[in-house]
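Next comes data37.txt, with compact mmCIF, C-alpha atoms and all ligand atoms.
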```txt
# COMPACT_ATOMS: atom_id res chain seq x y z
CA LYS A 23 0.00 0.00 0.00
CA GLU A 24 2.76 2.47 0.92
CA LEU A 25 4.67 1.54 -2.23
CA LYS A 26 1.61 2.54 -4.22
CA TYR A 27 1.40 5.88 -2.35
CA ILE A 28 4.99 6.60 -3.27
CA ASP A 29 4.40 5.90 -6.97
CA ASP A 30 1.28 8.01 -6.84
CA LEU A 31 3.22 10.85 -5.21
CA PHE A 32 5.93 10.50 -7.86
CA GLU A 33 3.35 10.90 -10.66
CA ARG A 34 1.11 13.58 -9.15
CA GLU A 35 3.67 15.50 -7.07
CA ASP A 36 1.03 15.62 -4.35
CA LEU A 37 -0.79 13.25 -2.01
CA GLU A 38 -3.56 13.36 0.58
CA ASP A 39 -2.51 14.37 4.09
CA GLU A 40 -3.46 11.00 5.63
CA LYS A 41 -1.23 9.18 3.14
CA LEU A 42 1.65 11.60 3.72
CA LEU A 43 1.25 10.93 7.43
CA GLU A 44 1.55 7.19 6.83
CA LEU A 45 4.69 7.68 4.79
CA ILE A 46 6.21 9.92 7.47
CA GLU A 47 5.58 7.12 9.98
CA ALA A 48 6.72 4.28 7.70
CA LYS A 49 9.27 1.91 9.25
CA ASP A 50 9.42 -0.88 6.66
CA GLN A 51 12.88 -0.87 5.06
CA VAL A 52 11.48 -1.85 1.65
CA VAL A 53 9.14 1.14 1.73
CA LEU A 54 11.94 3.49 2.83
CA GLU A 55 14.31 2.29 0.11
CA HIS A 56 11.60 2.81 -2.49
CA LEU A 57 10.89 6.32 -1.17
CA TYR A 58 14.57 7.30 -1.33
CA SER A 59 15.07 5.85 -4.79
CA LYS A 60 12.01 7.58 -6.27
CA ALA A 61 13.16 10.87 -4.71
CA LEU A 62 16.60 10.39 -6.26
CA GLU A 63 14.99 9.62 -9.62
CA LYS A 64 12.96 12.87 -9.37
CA LYS A 65 16.06 14.88 -8.49
CA ILE A 66 17.88 13.48 -11.52
CA LEU A 67 14.97 14.43 -13.81
CA HIS A 68 15.41 18.12 -12.93
CA TYR A 69 19.03 18.47 -11.88
CA ASP A 70 20.80 15.45 -13.36
CA LYS A 71 23.46 14.04 -11.06
CA SER A 72 25.01 17.41 -10.18
CA ILE A 73 25.47 18.49 -6.61
CA TYR A 74 25.90 22.24 -6.20
CA MET A 75 28.49 23.67 -3.84
CA ARG A 76 27.99 26.74 -1.66
CA GLY A 77 30.74 28.33 0.40
CA LEU A 78 29.45 29.14 3.89
CA LEU A 79 30.75 32.15 5.82
CA GLU A 80 29.65 32.36 9.43
CA PHE A 81 30.47 36.03 9.94
CA THR A 82 28.98 36.68 13.41
CA ASN A 83 27.79 34.43 16.23
CA ILE A 84 26.18 37.35 18.10
CA CYS A 85 22.40 37.06 18.14
CA LYS A 86 19.58 39.00 19.72
CA GLN A 87 17.14 36.12 19.27
CA ASN A 88 16.57 33.45 21.88
CA CYS A 89 15.47 30.36 19.91
CA LYS A 90 15.14 27.59 22.50
CA TYR A 91 17.04 25.00 20.46
CA CYS A 92 20.04 27.11 19.47
CA GLY A 93 23.41 27.30 21.21
CA LEU A 94 23.92 30.88 20.01
CA ARG A 95 20.76 32.14 21.69
CA ARG A 96 21.07 35.44 23.53
CA ASP A 97 20.75 33.92 27.02
CA ASN A 98 23.68 31.56 26.55
CA MET A 99 26.49 33.34 28.39
CA ASN A 100 28.99 30.55 27.69
CA VAL A 101 29.71 31.51 24.10
CA ASP A 102 32.89 33.17 22.96
CA ARG A 103 31.22 35.74 20.71
CA TYR A 104 32.97 37.00 17.56
CA ARG A 105 32.47 39.14 14.49
CA LEU A 106 34.48 38.97 11.29
CA THR A 107 35.73 42.27 9.90
CA GLU A 108 34.93 43.30 6.37
CA ASP A 109 38.50 42.42 5.37
CA GLN A 110 38.21 38.97 6.91
CA ILE A 111 34.97 38.40 5.03
CA MET A 112 36.59 39.44 1.75
CA ASP A 113 39.59 37.20 2.42
CA CYS A 114 37.27 34.22 2.93
CA CYS A 115 35.47 34.99 -0.32
CA ARG A 116 38.79 35.21 -2.18
CA GLU A 117 39.88 31.87 -0.74
CA GLY A 118 36.51 30.39 -1.66
CA TYR A 119 36.71 31.79 -5.18
CA ARG A 120 40.18 30.32 -5.58
CA LEU A 121 38.82 26.92 -4.53
CA GLY A 122 36.13 27.26 -7.21
CA TYR A 123 33.08 28.40 -5.22
CA ARG A 124 30.61 30.58 -7.14
CA THR A 125 28.05 30.98 -4.34
CA PHE A 126 28.88 32.67 -1.05
CA VAL A 127 26.47 32.28 1.82
CA LEU A 128 26.81 35.01 4.44
CA GLN A 129 25.25 33.51 7.53
CA GLY A 130 25.08 35.07 10.97
CA GLY A 131 23.07 35.64 14.09
CA GLU A 132 20.77 38.66 14.26
CA ASP A 133 23.54 41.08 15.16
CA SER A 134 22.67 44.78 15.03
CA HIS A 135 26.33 45.73 14.70
CA TYR A 136 25.85 44.85 11.03
CA SER A 137 23.54 47.76 10.25
CA ASP A 138 21.93 47.98 6.83
CA ASP A 139 24.62 50.45 5.76
CA ARG A 140 27.40 48.09 6.79
CA LEU A 141 25.71 45.12 5.13
CA VAL A 142 25.13 47.06 1.93
CA LYS A 143 28.81 47.98 1.88
CA ILE A 144 29.86 44.34 2.31
CA ILE A 145 27.44 43.09 -0.34
CA THR A 146 28.48 45.82 -2.81
CA ASN A 147 32.10 44.93 -2.28
CA ILE A 148 31.59 41.20 -2.87
CA ARG A 149 29.37 41.93 -5.86
CA SER A 150 32.00 44.09 -7.57
CA SER A 151 34.90 41.75 -6.77
CA PHE A 152 33.09 38.60 -7.90
CA PRO A 153 30.54 39.63 -10.55
CA GLU A 154 29.67 36.08 -11.59
CA ALA A 155 29.17 34.69 -8.08
CA ALA A 156 25.82 34.39 -6.34
CA ILE A 157 25.48 36.12 -2.96
CA THR A 158 23.19 34.40 -0.48
CA LEU A 159 22.23 36.03 2.81
CA SER A 160 21.13 34.16 5.92
CA ILE A 161 20.77 36.88 8.54
CA GLY A 162 17.27 36.53 9.90
CA GLU A 163 14.15 38.66 10.14
CA LYS A 164 14.29 42.21 8.75
CA SER A 165 11.90 44.76 7.29
CA TYR A 166 10.81 44.80 3.65
CA GLU A 167 12.91 47.95 3.15
CA SER A 168 16.07 46.33 4.52
CA TYR A 169 15.62 43.23 2.38
CA GLU A 170 15.13 45.49 -0.62
CA ARG A 171 18.33 47.41 0.07
CA TYR A 172 20.42 44.23 0.22
CA PHE A 173 18.83 43.07 -3.02
CA GLN A 174 19.63 46.37 -4.75
CA ALA A 175 23.21 46.06 -3.51
CA GLY A 176 23.57 42.72 -5.29
CA ALA A 177 22.33 39.92 -3.02
CA ASP A 178 20.60 37.20 -5.06
CA ARG A 179 19.27 34.70 -2.56
CA PHE A 180 18.10 34.59 1.04
CA LEU A 181 17.85 31.63 3.42
CA LEU A 182 15.33 31.86 6.24
CA ARG A 183 14.04 28.54 7.48
CA HIS A 184 10.44 28.61 8.65
CA GLU A 185 11.66 26.09 11.30
CA THR A 186 8.19 24.57 11.77
CA ALA A 187 4.91 25.36 10.04
CA ASP A 188 2.87 24.83 13.18
CA GLU A 189 2.19 28.29 14.56
CA LYS A 190 1.82 27.15 18.19
CA LEU A 191 4.97 25.04 18.15
CA TYR A 192 6.83 27.87 16.39
CA ASN A 193 5.81 30.47 18.92
CA SER A 194 6.62 28.20 21.86
CA LEU A 195 10.19 27.70 20.58
CA HIS A 196 10.80 31.37 19.75
CA PRO A 197 10.28 33.62 22.78
CA GLY A 198 9.60 37.12 21.50
CA GLY A 199 9.26 35.91 17.93
CA SER A 200 6.18 35.17 15.89
CA TYR A 201 5.32 32.69 13.17
CA LYS A 202 3.37 35.38 11.35
CA ASN A 203 6.41 37.62 11.05
CA ARG A 204 8.53 34.69 9.87
CA VAL A 205 6.09 33.99 7.06
CA ARG A 206 5.81 37.73 6.29
CA CYS A 207 9.58 37.81 5.81
CA LEU A 208 9.57 34.84 3.43
CA LYS A 209 6.81 36.37 1.33
CA ASP A 210 8.53 39.77 1.23
CA LEU A 211 11.78 38.15 0.12
CA LYS A 212 10.05 36.29 -2.66
CA LYS A 213 8.21 39.40 -3.82
CA ILE A 214 11.43 41.43 -3.96
CA GLY A 215 12.90 38.86 -6.32
CA TYR A 216 15.26 36.76 -4.24
CA GLN A 217 15.59 33.04 -4.73
CA ILE A 218 14.35 32.11 -1.28
CA GLY A 219 15.22 29.25 1.00
CA ALA A 220 12.80 28.00 3.65
CA GLY A 221 13.13 24.80 5.66
CA PHE A 222 12.48 23.07 8.94
CA ILE A 223 13.97 21.06 11.77
CA THR A 224 12.99 17.42 12.29
CA GLY A 225 12.54 15.88 15.72
CA LEU A 226 11.90 19.12 17.60
CA PRO A 227 10.56 18.56 21.13
CA GLY A 228 6.78 18.51 20.86
CA GLN A 229 6.78 17.96 17.08
CA THR A 230 4.43 15.27 15.74
CA SER A 231 3.96 13.70 12.30
CA THR A 232 0.94 15.94 11.87
CA HIS A 233 3.20 18.97 12.27
CA LEU A 234 5.50 17.54 9.58
CA VAL A 235 2.57 17.15 7.19
CA LYS A 236 1.94 20.85 7.80
CA ASP A 237 5.54 21.58 6.84
CA LEU A 238 5.04 19.81 3.51
CA ARG A 239 1.75 21.62 2.89
CA PHE A 240 3.26 24.98 3.78
CA LEU A 241 6.21 24.40 1.47
CA LYS A 242 4.05 23.24 -1.41
CA GLU A 243 2.09 26.46 -1.12
CA LEU A 244 5.07 28.82 -0.62
CA ASP A 245 7.04 27.05 -3.37
CA PRO A 246 10.50 28.25 -2.28
CA HIS A 247 13.59 27.74 -4.42
CA MET A 248 15.55 26.07 -1.63
CA ILE A 249 14.53 23.96 1.37
CA GLY A 250 16.92 23.14 4.20
CA ILE A 251 16.00 20.18 6.40
CA GLY A 252 18.06 19.03 9.35
CA PRO A 253 17.61 17.10 12.60
CA PHE A 254 17.27 18.82 15.96
CA ILE A 255 20.47 18.33 17.95
CA PRO A 256 20.16 19.18 21.65
CA HIS A 257 22.68 21.73 22.95
CA SER A 258 23.67 21.48 26.61
CA GLU A 259 23.48 25.24 27.20
CA THR A 260 19.83 25.58 26.09
CA PRO A 261 16.44 24.93 27.69
CA LEU A 262 16.01 21.91 25.40
CA LYS A 263 19.19 20.17 26.60
CA ASN A 264 17.37 17.13 28.02
CA PHE A 265 15.25 16.31 24.97
CA ASN A 266 16.03 13.70 22.34
CA GLY A 267 17.36 14.85 19.00
CA GLY A 268 15.87 14.20 15.57
CA THR A 269 16.80 10.93 13.85
CA VAL A 270 18.61 10.23 10.59
CA GLU A 271 15.69 8.18 9.33
CA LEU A 272 13.03 10.81 9.95
CA THR A 273 15.22 13.47 8.34
CA LEU A 274 15.84 11.32 5.24
CA LYS A 275 12.13 10.59 4.91
CA MET A 276 11.37 14.31 5.03
CA VAL A 277 14.08 15.13 2.47
CA ALA A 278 12.70 12.47 0.12
CA LEU A 279 9.07 13.54 0.60
CA THR A 280 10.04 17.16 0.03
CA ARG A 281 11.81 16.20 -3.21
CA LEU A 282 8.66 14.42 -4.39
CA MET A 283 6.24 17.19 -3.31
CA ILE A 284 8.32 20.20 -4.44
CA PRO A 285 10.38 18.54 -7.18
CA LYS A 286 12.42 21.49 -8.44
CA ALA A 287 13.57 22.75 -5.04
CA LEU A 288 17.27 22.90 -4.26
CA LEU A 289 17.71 20.65 -1.22
CA PRO A 290 20.87 20.85 0.86
CA SER A 291 22.34 17.78 2.44
CA THR A 292 22.84 19.42 5.81
CA THR A 293 25.78 19.61 8.17
CA ALA A 294 23.43 18.69 11.04
CA LEU A 295 22.71 15.37 9.33
CA GLY A 296 26.45 14.85 8.79
CA THR A 297 26.92 15.52 12.49
CA ILE A 298 24.56 12.84 13.81
CA ASP A 299 25.69 10.25 11.23
CA SER A 300 29.12 10.16 9.58
CA GLN A 301 27.40 9.01 6.37
CA GLY A 302 24.40 11.31 6.83
CA ARG A 303 25.22 13.69 3.98
CA GLU A 304 25.78 10.82 1.55
CA LYS A 305 22.47 9.27 2.59
CA ALA A 306 20.64 12.57 1.99
CA ILE A 307 22.14 12.86 -1.49
CA LYS A 308 20.85 9.38 -2.25
CA ALA A 309 17.42 10.46 -0.96
CA GLY A 310 17.09 13.48 -3.26
CA ALA A 311 19.29 16.27 -1.85
CA ASN A 312 21.41 18.20 -4.37
CA VAL A 313 23.35 20.92 -2.52
CA VAL A 314 26.20 20.91 0.00
CA MET A 315 27.46 23.91 1.95
CA PRO A 316 31.07 23.47 3.06
CA ASN A 317 32.46 26.00 5.51
CA LEU A 318 34.75 28.85 4.38
CA SER A 319 34.97 30.57 7.78
CA PRO A 320 38.46 31.03 9.27
CA THR A 321 39.29 27.89 11.31
CA ASP A 322 39.90 29.88 14.50
CA VAL A 323 36.25 30.97 14.72
CA ARG A 324 34.57 27.82 13.45
CA GLU A 325 33.98 26.08 16.71
CA LYS A 326 32.53 29.28 18.14
CA TYR A 327 29.62 29.04 15.71
CA GLU A 328 28.05 26.35 17.84
CA ILE A 329 24.32 26.28 17.07
CA TYR A 330 24.55 22.62 18.15
CA GLU A 331 27.42 20.60 19.64
CA ASN A 332 29.96 18.33 17.92
CA LYS A 333 29.50 20.06 14.57
CA ILE A 334 31.66 18.46 11.90
CA CYS A 335 34.47 20.20 9.98
CA THR A 336 35.24 22.74 12.71
CA GLY A 337 38.94 21.82 12.66
CA ASP A 338 39.31 21.53 8.92
CA GLU A 339 40.63 24.06 6.41
CA ALA A 340 38.31 25.08 3.57
CA ALA A 341 40.61 23.37 1.07
CA HIS A 342 40.42 20.12 3.05
CA CYS A 343 36.61 20.17 3.14
CA ARG A 344 36.50 20.92 -0.58
CA GLN A 345 38.41 17.68 -1.28
CA CYS A 346 36.63 15.66 1.39
CA ILE A 347 33.17 16.55 0.21
CA GLU A 348 33.98 15.80 -3.43
CA LYS A 349 35.06 12.26 -2.51
CA ARG A 350 31.87 11.80 -0.54
CA ILE A 351 29.69 13.08 -3.38
CA ASN A 352 31.44 10.88 -5.92
CA SER A 353 30.93 7.87 -3.66
CA THR A 354 27.15 8.34 -4.04
CA GLY A 355 27.32 8.27 -7.85
CA SER A 356 26.70 12.02 -8.16
CA TYR A 357 29.25 14.68 -9.10
CA VAL A 358 30.31 18.15 -8.00
CA ASP A 359 29.05 21.15 -9.98
CA MET A 360 30.97 24.33 -9.11
CA GLY A 361 28.62 26.64 -11.05
CA ARG A 362 26.28 29.15 -9.41
CA GLY A 363 23.66 26.42 -9.16
CA ASP A 364 20.57 28.56 -9.62
CA TYR A 365 17.06 27.17 -9.28
CA VAL A 366 16.25 25.14 -12.38
CA ASP A 367 13.71 27.56 -13.90
CA TRP A 368 15.36 30.71 -12.64
CA ASN A 369 16.19 32.37 -15.95
CA ALA A 370 12.91 31.34 -17.53
CA SER A 371 10.85 32.76 -14.68
CA SER A 372 12.77 35.95 -13.89
N1 LIG B 401 19.81 21.64 16.12
C1 LIG B 401 19.54 21.62 14.80
N2 LIG B 401 19.41 22.71 14.03
C2 LIG B 401 19.54 23.90 14.65
N3 LIG B 401 19.45 25.16 14.17
C3 LIG B 401 19.69 26.01 15.18
N4 LIG B 401 19.91 25.33 16.32
C4 LIG B 401 19.83 24.01 16.01
C5 LIG B 401 19.96 22.81 16.76
N5 LIG B 401 20.24 22.81 18.07
C6 LIG B 401 19.16 25.46 12.77
C7 LIG B 401 17.95 26.35 12.58
C8 LIG B 401 18.52 27.57 11.90
C9 LIG B 401 19.74 27.00 11.23
C10 LIG B 401 20.79 27.99 10.83
O1 LIG B 401 20.25 26.10 12.17
O2 LIG B 401 17.03 25.71 11.71
O3 LIG B 401 17.64 28.15 10.97
FE1 LIG B 402 19.94 33.37 16.60
FE2 LIG B 402 19.55 31.81 14.43
FE3 LIG B 402 20.33 30.76 16.79
FE4 LIG B 402 17.85 31.67 16.55
S1 LIG B 402 18.75 29.93 15.38
S2 LIG B 402 19.24 32.06 18.30
S3 LIG B 402 18.16 33.45 15.20
S4 LIG B 402 21.53 32.18 15.53
FE1 LIG B 403 34.72 19.14 6.05
FE2 LIG B 403 34.75 16.47 5.34
S1 LIG B 403 33.57 18.09 4.52
S2 LIG B 403 36.13 17.58 6.70
```
Would you mind giving the structure from this file in structure tokens?
Amino acid sequence: KELKYIDDLFEREDLEDEKLLELIEAKDQVVLEHLYSKALEKKILHYDKSIYMRGLLEFTNICKQNCKYCGLRRDNMNVDRYRLTEDQIMDCCREGYRLGYRTFVLQGGEDSHYSDDRLVKIITNIRSSFPEAAITLSIGEKSYESYERYFQAGADRFLLRHETADEKLYNSLHPGGSYKNRVRCLKDLKKIGYQIGAGFITGLPGQTSTHLVKDLRFLKELDPHMIGIGPFIPHSETPLKNFNGGTVELTLKMVALTRLMIPKALLPSTTALGTIDSQGREKAIKAGANVVMPNLSPTDVREKYEIYENKICTGDEAAHCRQCIEKRINSTGSYVDMGRGDYVDWNASS
């Protein structure tokens, strides 16, 4: 019966909620293997066997938000906080460019030191130094006007996970935040003309399969260009330290279902998945993911960007990760694509 649901989902790119729920709860290894292989088949239809590379720059670990799951939350006093200077950021981009990266992801906490003027200056500088590279921002919730200024300055893409599409669960995990504003941000970003990235965490405390169906529904409706999915990993300096983390299996099921429901989305094989399972990233690629985001941050700040503990690659140079990840990708039967890796219909639709 579940095998039939999967084939149906493959054909129609949609499925009734009750059937999605059953697939989310599936345990049978035959069913899971079929789900992953159909998701891989769908990925190959739109993106061939290429895996796109993004160079990640974690430029500040200072954050005014207090997300209950995150090690960088404002109330965690045991974090060695840092900011990269504009020169350090440019140096990382140059190193990334030299290694072949053509997408730079500027990720950081919500740090008001980086005012709109400062951000515009940084974006303008990267844009003029690397005209053919894509600039992705991942800097949280801002006003329409701010998002528009970054776009005008040359930013192309913006990552802002919705985290969970259940409003109650969202609000309970984000003191001072609101689900409505999160969604407002995503819609503003899309309207301005960014390629947008949404996404969610699997295995959050209090999250049920019904919530995960909501995530798929929300994503189908929003139709973002990118969707990041990773397991919750408890951090000892947060209020959620005693909860269980998300599992590899649940995360892979959600990656595969997302590939089948929103077939053209760019789906990263996340570092969080690589952290809970040494083969996690390879497994995600075989279940329909097609993006990896190796770290370009200077090695001396890497372990300070501790959203969760035991994060992989914190001791490794960018050049080392570049080689390491290529071997891993090749081992799955896919290959590295160092191009910008835009959304498949991007030029047709823009
Ligand atoms: N476990 C897993 N993912 C986390 N994130 C933050 N904290 C954790 C954690 N403890 C994710 C959020 C955020 C992204 C950058 O990292 O989804 O959007
Ligand atoms: Fe800040 Fe992002 Fe961590 Fe939330 S998840 S506390 S916004 S760094
Ligand atoms: Fe960083 Fe393997 S990808 S060490």
Contacts of range 44-54 of chain A within 9 Å, all atoms listed in the file, excl. fewer than 3 positions in-chain, as a PyMOL selection string: chain A and resi 24-25+27-28+39-41+57-59+231+234-235+271-272+275-276+279
Between CA of Tyr166 in chain A and CA of Leu128 in chain A, what is the spacing in Å? 18.8 Å
Throw together the list of residues within 10 Å of ligand LIG 403 (chain B), counting all atoms listed in the file, and drop it here as a PyMOL selection string. chain A and resi 293+296+300+303+314-318+334-350
Expected answer as a ChimeraX atom specification: all residues with atoms within 8 Å of (15.9, 24.4, 17.6), all atoms listed in the file: /A:89-92,185,195,223,226,254-256
Protein/DNA/RNA residues near (21.1, 18.7, -1.5), cut 12 Å, all atoms listed in the file, as a PyMOL selection string: chain A and resi 61-62+65-66+69+71-76+248-252+274+277-278+280-281+286-293+295+302-316+351+356-359+363
Exercise: Ile84 in chain A partners within 6 Å, all atoms listed in the file, chain neighbours under 6 positions left out, as a VMD selection string: chain A and resid 103 131 133
Residues up to 7 Å from ligand LIG 402 (chain B), counting only C-alpha atoms and all ligand atoms: could you list those as a list in words? Asn83, Cys85, Lys86, Gln87, Asn88, Cys89, Cys92, Gly93, Leu94, Arg95, Arg96, Gly130, Gly131, Glu132, Gly162 and Ile329 of chain A
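The coordinates place CA of Glu259 in chain A at 7.7 Å from CA of Asn100 in chain A.
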List as a ChimeraX atom specification the protein and nucleic acid residues near Glu154 in chain A, meaning an atom at most 10 Å away when only C-alpha atoms are counted, but skip any in the same chain fewer than 5 places from it. /A:124-125,149,361-362
Writing out the chosen residues with C-alpha atoms as a PDB file, keeping the file's coordinate frame:
```
ATOM      1  CA  ARG A 124      30.610  30.580  -7.140  1.00  0.00           C
ATOM      2  CA  THR A 125      28.050  30.980  -4.340  1.00  0.00           C
ATOM      3  CA  ARG A 149      29.370  41.930  -5.860  1.00  0.00           C
ATOM      4  CA  GLY A 361      28.620  26.640 -11.050  1.00  0.00           C
ATOM      5  CA  ARG A 362      26.280  29.150  -9.410  1.00  0.00           C
TER       6      ARG A 362
END
```
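Between CA of Val142 in chain A and CA of Tyr172 in chain A there is a distance of 5.8 Å.
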Using all atoms listed in the file, which of the listed residues (A:His247, A:Lys164, A:Lys263, A:Lys212) sits closest to ligand LIG 401 (chain B)? A:Lys263
